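Pasting upload35.txt here (compact mmCIF, C-alpha atoms):
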# COMPACT_ATOMS: atom_id res chain seq x y z
CA MET V 19 78.84 83.66 86.95
CA ILE V 20 80.80 84.77 90.01
CA LEU V 21 84.57 84.96 90.43
CA SER V 22 85.88 84.19 93.91
CA VAL V 23 89.15 86.00 94.52
CA ILE V 24 91.05 84.05 97.18
CA ILE V 25 93.88 85.77 99.03
CA PRO V 26 95.88 83.75 101.58
CA THR V 27 97.62 85.95 104.12
CA TYR V 28 100.02 85.55 107.03
CA LYS V 29 101.11 88.49 109.23
CA ARG V 30 101.43 90.98 106.35
CA ASN V 31 98.73 93.59 106.92
CA ASP V 32 100.77 96.33 105.25
CA LEU V 33 101.08 94.37 102.01
CA LEU V 34 97.53 93.03 102.24
CA THR V 35 96.23 96.60 102.54
CA GLN V 36 97.92 97.61 99.28
CA CYS V 37 96.58 94.51 97.54
CA LEU V 38 92.99 95.05 98.68
CA GLU V 39 93.03 98.73 97.77
CA LYS V 40 93.73 97.64 94.18
CA LEU V 41 90.88 95.09 94.31
CA SER V 42 88.32 97.58 95.60
CA PRO V 43 84.99 97.58 93.70
CA GLU V 44 85.61 101.29 93.06
CA ILE V 45 88.91 100.43 91.33
CA GLN V 46 88.21 97.15 89.52
CA THR V 47 86.49 97.54 86.16
CA LEU V 48 84.52 94.31 86.51
CA ASP V 49 81.00 94.77 87.90
CA SER V 50 81.23 94.27 91.66
CA ASN V 51 78.21 91.94 91.51
CA LEU V 52 80.36 89.48 89.55
CA PHE V 53 83.10 88.89 92.10
CA GLU V 54 83.76 88.33 95.78
CA VAL V 55 87.04 88.62 97.70
CA ILE V 56 87.91 86.12 100.43
CA ILE V 57 90.78 86.70 102.88
CA THR V 58 91.90 83.45 104.48
CA ASP V 59 94.06 84.43 107.44
CA ASP V 60 96.74 82.07 108.79
CA SER V 61 98.11 84.62 111.25
CA PRO V 62 98.29 83.31 114.83
CA ASN V 63 96.45 86.35 116.23
CA PHE V 64 94.11 86.83 113.25
CA ASP V 65 96.09 89.91 112.24
CA ALA V 66 93.92 90.65 109.22
CA LYS V 67 90.54 90.39 110.94
CA ASN V 68 90.46 93.89 112.47
CA LEU V 69 91.84 95.36 109.25
CA ILE V 70 89.05 93.75 107.23
CA GLU V 71 86.31 94.77 109.66
CA GLU V 72 87.51 98.37 109.82
CA LYS V 73 88.59 99.15 106.27
CA PHE V 74 87.59 96.44 103.80
CA THR V 75 84.05 95.47 104.78
CA TRP V 76 83.25 94.43 101.20
CA THR V 77 85.57 91.42 101.61
CA LYS V 78 85.01 88.22 103.57
CA TRP V 79 87.48 87.24 106.31
CA VAL V 80 87.86 83.57 107.29
CA GLU V 81 90.21 81.89 109.73
CA GLY V 82 92.97 79.89 108.08
CA PRO V 83 93.87 76.30 109.01
CA HIS V 84 97.39 77.26 110.18
CA ARG V 85 99.07 74.54 108.14
CA GLY V 86 100.86 76.56 105.48
CA PRO V 87 99.96 78.31 102.20
CA ALA V 88 98.67 75.24 100.33
CA SER V 89 96.17 74.50 103.09
CA ASN V 90 95.32 78.17 103.36
CA ARG V 91 94.47 78.42 99.65
CA ASN V 92 92.32 75.29 99.87
CA ASN V 93 90.59 76.75 102.90
CA GLY V 94 89.64 79.86 100.95
CA ALA V 95 88.31 77.69 98.12
CA LYS V 96 86.06 75.81 100.55
CA LYS V 97 84.48 79.10 101.65
CA ALA V 98 84.05 80.45 98.12
CA LYS V 99 80.73 80.56 96.31
CA GLY V 100 82.08 81.41 92.85
CA ASP V 101 82.08 79.29 89.73
CA TRP V 102 85.74 80.19 89.21
CA PHE V 103 88.56 80.78 91.69
CA VAL V 104 91.11 83.54 91.16
CA PHE V 105 94.16 83.14 93.40
CA ILE V 106 96.13 86.30 94.13
CA ASP V 107 98.78 86.56 96.85
CA ASP V 108 98.70 89.25 99.52
CA ASP V 109 101.99 90.79 98.34
CA CYS V 110 100.74 91.42 94.80
CA LEU V 111 99.32 94.63 93.34
CA PRO V 112 96.49 93.72 90.94
CA ASP V 113 95.85 95.79 87.83
CA LYS V 114 92.46 97.51 87.73
CA ASN V 115 91.41 95.33 84.78
CA VAL V 116 92.71 91.98 86.07
CA LEU V 117 89.30 90.57 87.02
CA LEU V 118 87.58 91.91 83.91
CA GLU V 119 90.28 90.33 81.73
CA TYR V 120 89.86 86.97 83.47
CA TYR V 121 86.09 87.22 83.15
CA ASN V 122 86.20 88.02 79.44
CA GLU V 123 88.51 85.07 78.80
CA ILE V 124 86.41 82.72 80.92
CA ILE V 125 83.14 83.44 79.09
CA LYS V 126 84.77 82.33 75.83
CA ASN V 127 84.55 78.83 77.36
CA GLU V 128 87.81 77.68 75.77
CA TYR V 129 89.96 76.99 78.85
CA LYS V 130 89.27 75.84 82.38
CA ALA V 131 92.53 77.16 83.86
CA ILE V 132 94.36 80.41 83.14
CA GLU V 133 97.68 81.86 84.26
CA GLY V 134 98.10 85.61 84.48
CA TYR V 135 100.97 88.02 83.87
CA ILE V 136 103.33 88.80 86.76
CA ASN V 137 105.98 91.51 86.63
CA ALA V 138 108.02 93.39 89.20
CA ASP V 139 107.69 97.07 90.06
CA ARG V 140 111.11 98.03 88.68
CA PRO V 141 114.26 96.48 87.20
CA ARG V 142 116.09 94.09 89.52
CA GLU V 143 119.01 95.74 91.35
CA ARG V 144 120.51 92.96 93.50
CA PHE V 145 120.95 89.20 93.35
CA ASP V 146 119.16 88.78 96.69
CA GLU V 147 115.96 90.32 95.35
CA GLU V 148 113.31 87.81 94.35
CA ALA V 149 109.94 87.92 92.60
CA PRO V 150 107.99 85.15 90.79
CA LEU V 151 107.98 86.74 87.34
CA ASN V 152 105.73 85.30 84.63
CA LEU V 153 106.07 87.42 81.51
CA ASN V 154 105.42 84.84 78.78
CA GLY V 155 103.53 81.96 80.42
CA GLY V 156 104.50 78.40 81.19
CA CYS V 157 104.90 78.99 84.92
CA PHE V 158 101.40 78.87 86.48
CA TRP V 159 102.61 80.61 89.64
CA SER V 160 99.85 80.53 92.22
CA CYS V 161 100.05 84.26 93.01
CA ASN V 162 98.01 85.05 89.86
CA ILE V 163 95.92 82.24 88.37
CA ALA V 164 92.28 81.43 87.66
CA ILE V 165 90.74 77.96 87.63
CA GLU V 166 87.22 76.59 87.29
CA LYS V 167 85.83 75.40 90.61
CA SER V 168 84.87 71.92 89.40
CA LEU V 169 88.34 71.37 87.94
CA PHE V 170 90.00 72.56 91.14
CA ILE V 171 87.96 70.08 93.13
CA SER V 172 88.64 67.24 90.68
CA ILE V 173 92.42 67.52 91.20
CA ASN V 174 91.99 67.93 94.99
CA GLY V 175 93.31 71.48 95.08
CA PHE V 176 96.79 72.20 96.35
CA ASP V 177 98.69 69.33 97.98
CA GLU V 178 98.75 70.07 101.70
CA GLY V 179 101.52 67.54 102.29
CA PHE V 180 104.30 69.92 101.28
CA PRO V 181 106.17 70.72 104.49
CA TYR V 182 107.21 74.23 103.41
CA PRO V 183 105.92 76.93 101.03
CA ALA V 184 107.99 75.69 98.11
CA MET V 185 107.10 73.58 95.06
CA GLU V 186 103.39 73.25 95.88
CA ASP V 187 102.41 75.37 92.88
CA VAL V 188 104.79 73.38 90.64
CA ASP V 189 103.06 70.20 91.77
CA PHE V 190 99.66 71.82 91.21
CA ALA V 191 100.60 72.78 87.64
CA GLN V 192 101.91 69.29 86.90
CA ARG V 193 98.69 67.64 88.03
CA LEU V 194 96.62 70.23 86.19
CA ALA V 195 98.51 69.59 82.92
CA LYS V 196 97.37 65.97 83.04
CA LYS V 197 93.72 67.07 83.09
CA THR V 198 93.46 70.03 80.74
CA LYS V 199 95.20 72.64 78.63
CA THR V 200 95.84 76.05 80.14
CA CYS V 201 96.33 79.46 78.58
CA PHE V 202 98.47 82.47 79.40
CA LEU V 203 96.52 85.71 79.63
CA ALA V 204 99.01 88.58 79.36
CA SER V 205 96.29 91.17 79.97
CA ALA V 206 95.47 89.77 83.44
CA LYS V 207 98.24 91.61 85.25
CA VAL V 208 99.61 91.88 88.75
CA ILE V 209 102.76 93.53 90.04
CA HIS V 210 104.89 91.58 92.50
CA PRO V 211 107.46 93.96 94.04
CA TRP V 212 110.99 92.68 94.55
CA ARG V 213 111.60 91.28 98.03
CA LYS V 214 115.06 91.19 99.58
CA VAL V 215 115.75 87.73 101.06
CA LYS V 216 118.27 86.54 103.61
CA PRO V 217 121.15 84.30 102.50
CA PHE V 218 121.12 80.63 103.52
CA HIS V 219 117.64 81.03 104.95
CA SER V 220 115.71 78.80 102.54
CA TYR V 221 117.86 76.09 100.94
CA LYS V 222 116.99 73.42 103.54
CA LYS V 223 113.29 74.00 102.89
CA TRP V 224 113.88 73.73 99.14
CA ILE V 225 115.65 70.39 99.63
CA VAL V 226 112.85 68.95 101.79
CA SER V 227 110.14 70.10 99.36
CA ASN V 228 112.06 68.66 96.40
CA LYS V 229 112.40 65.34 98.21
CA TYR V 230 108.65 65.33 98.76
CA ILE V 231 107.77 65.95 95.11
CA LEU V 232 110.39 63.47 93.83
CA LYS V 233 108.98 60.77 96.09
CA LYS V 234 105.41 61.66 95.19
CA ASN V 235 106.17 61.35 91.46
CA ASN V 236 108.21 58.16 91.93
CA THR V 237 111.13 59.87 90.21
CA LYS V 238 113.99 57.46 89.57
CA ILE V 239 117.15 58.77 91.22
CA ASP V 240 119.76 57.15 88.99
CA ILE V 241 122.95 58.20 87.22
CA ARG V 242 120.98 59.94 84.45
CA PHE V 243 119.13 61.99 87.02
CA ARG V 244 122.40 63.01 88.67
CA ILE V 245 124.06 63.88 85.34
CA LYS V 246 121.07 66.04 84.47
CA ARG V 247 121.30 67.82 87.82
CA PHE V 248 125.07 68.28 87.38
CA ASN V 249 124.56 69.87 83.97
CA LEU V 250 121.87 72.09 85.44
CA PHE V 251 124.27 73.11 88.21
CA LEU V 252 126.96 74.07 85.67
CA GLY V 253 124.51 76.03 83.55
CA LEU V 254 123.11 77.94 86.50
CA MET V 255 126.58 78.62 87.89
CA TYR V 256 127.43 80.33 84.59
CA SER V 257 124.18 82.31 84.26
CA HIS V 258 124.06 83.25 87.96
CA THR V 259 127.67 84.48 87.86
CA LEU V 260 126.83 86.75 84.95
CA LYS V 261 123.87 88.14 86.89
CA LEU V 262 125.96 88.64 90.02
CA LYS V 263 128.52 90.64 88.04
CA GLN V 264 125.68 92.66 86.53
CA PHE V 265 124.56 93.57 90.06
CA SER V 266 128.14 94.50 91.11
CA PHE V 267 128.18 91.49 93.47
CA LYS V 268 125.33 92.88 95.59
CA GLY V 269 123.52 89.96 97.19
CA ILE V 270 126.43 87.50 96.87
CA GLY V 271 125.22 85.47 99.87
CA VAL V 272 122.03 84.41 98.08
CA TYR V 273 124.10 83.64 94.98
CA PHE V 274 126.10 81.10 96.98
CA GLU V 275 122.92 79.71 98.57
CA HIS V 276 121.37 79.04 95.15
CA LEU V 277 124.51 77.27 93.92
CA TRP V 278 124.82 75.28 97.16
CA PHE V 279 121.22 74.10 96.76
CA GLN V 280 121.80 73.05 93.16
CA PHE V 281 124.98 71.23 94.17
CA LEU V 282 123.18 69.32 96.95
CA MET V 283 120.44 68.32 94.49
CA ILE V 284 123.05 66.33 92.51
CA PHE V 285 123.46 64.00 95.49
CA ILE V 286 119.91 64.04 96.85
CA ARG V 287 118.51 60.82 98.30
CA VAL V 288 114.84 59.99 98.63
CA LYS V 289 113.76 57.31 101.08

Rewrite the coordinates I just gave you, this time as structure tokens.
Amino acid sequence: MILSVIIPTYKRNDLLTQCLEKLSPEIQTLDSNLFEVIITDDSPNFDAKNLIEEKFTWTKWVEGPHRGPASNRNNGAKKAKGDWFVFIDDDCLPDKNVLLEYYNEIIKNEYKAIEGYINADRPRERFDEEAPLNLNGGCFWSCNIAIEKSLFISINGFDEGFPYPAMEDVDFAQRLAKKTKTCFLASAKVIHPWRKVKPFHSYKKWIVSNKYILKKNNTKIDIRFRIKRFNLFLGLMYSHTLKLKQFSFKGIGVYFEHLWFQFLMIFIRVK
């Protein structure tokens, strides 16, 4: 059995370098004959190609489709020869045992999809720092998951219709849950360092992606939906305010962006 590690990348050679150094056959404890690493590069000038050819010759570089991260992940899957796909993002730092832990769980033949552990590199210091943490499961974030090839194909991979890199892994997890049970493997670890984000840079993309998934799922936008969103807004306003105070109001712009997005979701319309 072969694991195909698929890493989508886009103009982040510095982060990709750190990721690949951790996935080196000299570092990973899984036999190097049991895994391959595929870099699917969406950069306009093939930024990663020279890096791969010069420093990481044990990996396979392929040109991305230039249609966003969902398409890029699917592209890597099409080029993979493994029986299982392991998706790891280029800004993650894999643990030396991550592939061995996935492999040992896979050969038990109990699950066909597995989500791994994701933590940050340090405690959070500001509200405008973000990382997709998954400490206890139930998230299935695409930056650290494993899925059997045949199952991935049967659910048609990631939905390439999402206009922005938001919600496509939520949609993937929802469709997957209809087909099979998944497990959380706490020993399959990656580190996702905190990234500082700009305020009011993303909320429009979040709205468009949410409209797409609501329409796709035929979600009824009625008074009950809006009451639920209003209650969610109030709850998040309370919890976010506590966090903001904890961070001494550092990152207040992103705090207001998150609340503005949640407020707009109360009144969202889907055509």

Using only C-alpha atoms, what table do you get, as a Markdown table, when you list each residue of region 104-184 of chain V with an atom no more than 10 Å from region 257-264 of chain V, its nearest pair of atoms, and their distance in Å rounded to one decimal, rows by chain then rising number?
| residue | atom | partner | partner_atom | distance |
| --- | --- | --- | --- | --- |
| V:Glu143 | CA | V:Gln264 | CA | 8.8 |
| V:Arg144 | CA | V:Leu262 | CA | 7.8 |
| V:Phe145 | CA | V:Leu262 | CA | 6.0 |
| V:Asp146 | CA | V:Leu262 | CA | 9.5 |

Counting all atoms listed in the file, closest pick from V:Asp240, V:Glu147, V:Glu133, V:Asp187 relative to Ala204 (chain V) is V:Glu133

Restricting the calculation to all atoms listed in the file, which member of V:Ile270, V:Ile171, V:Val208, V:Ile165 is positioned closest to Leu151 (chain V)?
->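 Looking only at the distances to Leu151 (chain V), the closest residue turns out to be V:Val208.
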
Restricting to all atoms listed in the file, whichever of V:Ala66, V:Ala138, V:Ile106, V:Ile124 is closest to Phe158 (chain V) is V:Ile106

By how many Å are CA of Phe64 (chain V) and CA of Ser168 (chain V) apart?
-> 29.6 Å

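The coordinates place CA of Phe170 (chain V) at 9.0 Å from CA of Ala131 (chain V).
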
Counting all atoms listed in the file, the residue of V:Ala95, V:Ile284, V:Ala164, V:Val226 that sits nearest Ile132 (chain V) =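 Checking each of V:Ala95, V:Ile284, V:Ala164, V:Val226 against Ile132 (chain V), counting all atoms listed in the file, the winner is V:Ala164.
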
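Of the residues listed (V:Leu52, V:Gly94, V:His219, V:Leu169), V:Leu169 shows the shortest atom-to-atom separation from Ala195 (chain V); distances use all atoms listed in the file.
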
Within 12 Å of Glu44 (chain V), counting only C-alpha atoms, which residues show up once you throw out same-chain ones fewer than 6 positions away? Write them as a PyMOL selection string, please.
-> chain V and resi 38+50+74+76+114-115

Identify, on the basis of all atoms listed in the file, every residue whose closest approach to Val104 (chain V) does not exceed 9 Å; exclude the query and any residue fewer than 4 positions from it along the same chain; express the result as a list in words.
->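 Those residues are Leu21, Ser22, Val23, Ile24, Ile25, Leu117, Tyr120, Asn162, Ile163, Ala164, Ile165 and Glu166 of chain V.
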
Listing only residues of region 133-248 of chain V within 9 Å of region 83-87 of chain V, what is the closest atom pair and its distance in Å (to one decimal) for each, using only C-alpha atoms, sorted by chain and residue number ascending, as a tab-separated table?
residue	atom	partner	partner_atom	distance
V:Glu178	CA	V:Gly86	CA	7.8
V:Phe180	CA	V:Gly86	CA	8.6
V:Pro181	CA	V:Gly86	CA	8.0
V:Tyr182	CA	V:Gly86	CA	7.1
V:Pro183	CA	V:Pro87	CA	6.2
V:Glu186	CA	V:Pro87	CA	8.8

Considering all atoms listed in the file, state which residue in the set V:Phe176, V:Ala206, V:Ala184, V:Leu282 is at the smallest distance from Val116 (chain V).
->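 Ranking V:Phe176, V:Ala206, V:Ala184, V:Leu282 by distance to Val116 (chain V), first place goes to V:Ala206.
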
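Across the model, the gap from CA of Ile173 (chain V) to CA of Trp79 (chain V) is 25.3 Å.
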
Which residues are close to Phe202 (chain V), i.e. within 8 Å by all atoms listed in the file, leaving aside same-chain residues fewer than 5 positions away? Reply as a CSV table (one decimal) with C-alpha atoms, in the frame of the given file.
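See out.csv below for the written result:
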chain,number,residue,atom,x,y,z
V,132,ILE,CA,94.4,80.4,83.1
V,133,GLU,CA,97.7,81.9,84.3
V,134,GLY,CA,98.1,85.6,84.5
V,135,TYR,CA,101.0,88.0,83.9
V,154,ASN,CA,105.4,84.8,78.8
V,155,GLY,CA,103.5,82.0,80.4
V,156,GLY,CA,104.5,78.4,81.2

Extract, using only C-alpha atoms, all DNA, RNA and protein residues at most 8 Å from Thr27 (chain V), discarding same-chain residues fewer than 6 positions from it, and format them as a PyMOL selection string.
-> chain V and resi 34+57-61+66+107-108

Where's the centre, and what are the edge lengths in Å to one decimal, of a box along x, y and z enclosing all listed atoms of region 110-116 of chain V padded 6 Å per side, as lines of an AutoDock Vina configuration file?
center_x = 96.1
center_y = 94.5
center_z = 89.8
size_x = 21.3
size_y = 18.1
size_z = 22.0

Got a sec: who's within 9 Å of Leu33 (chain V), counting all atoms listed in the file, leaving out chain neighbours fewer than 6 positions off, as a ChimeraX atom specification?
-> /V:108-111
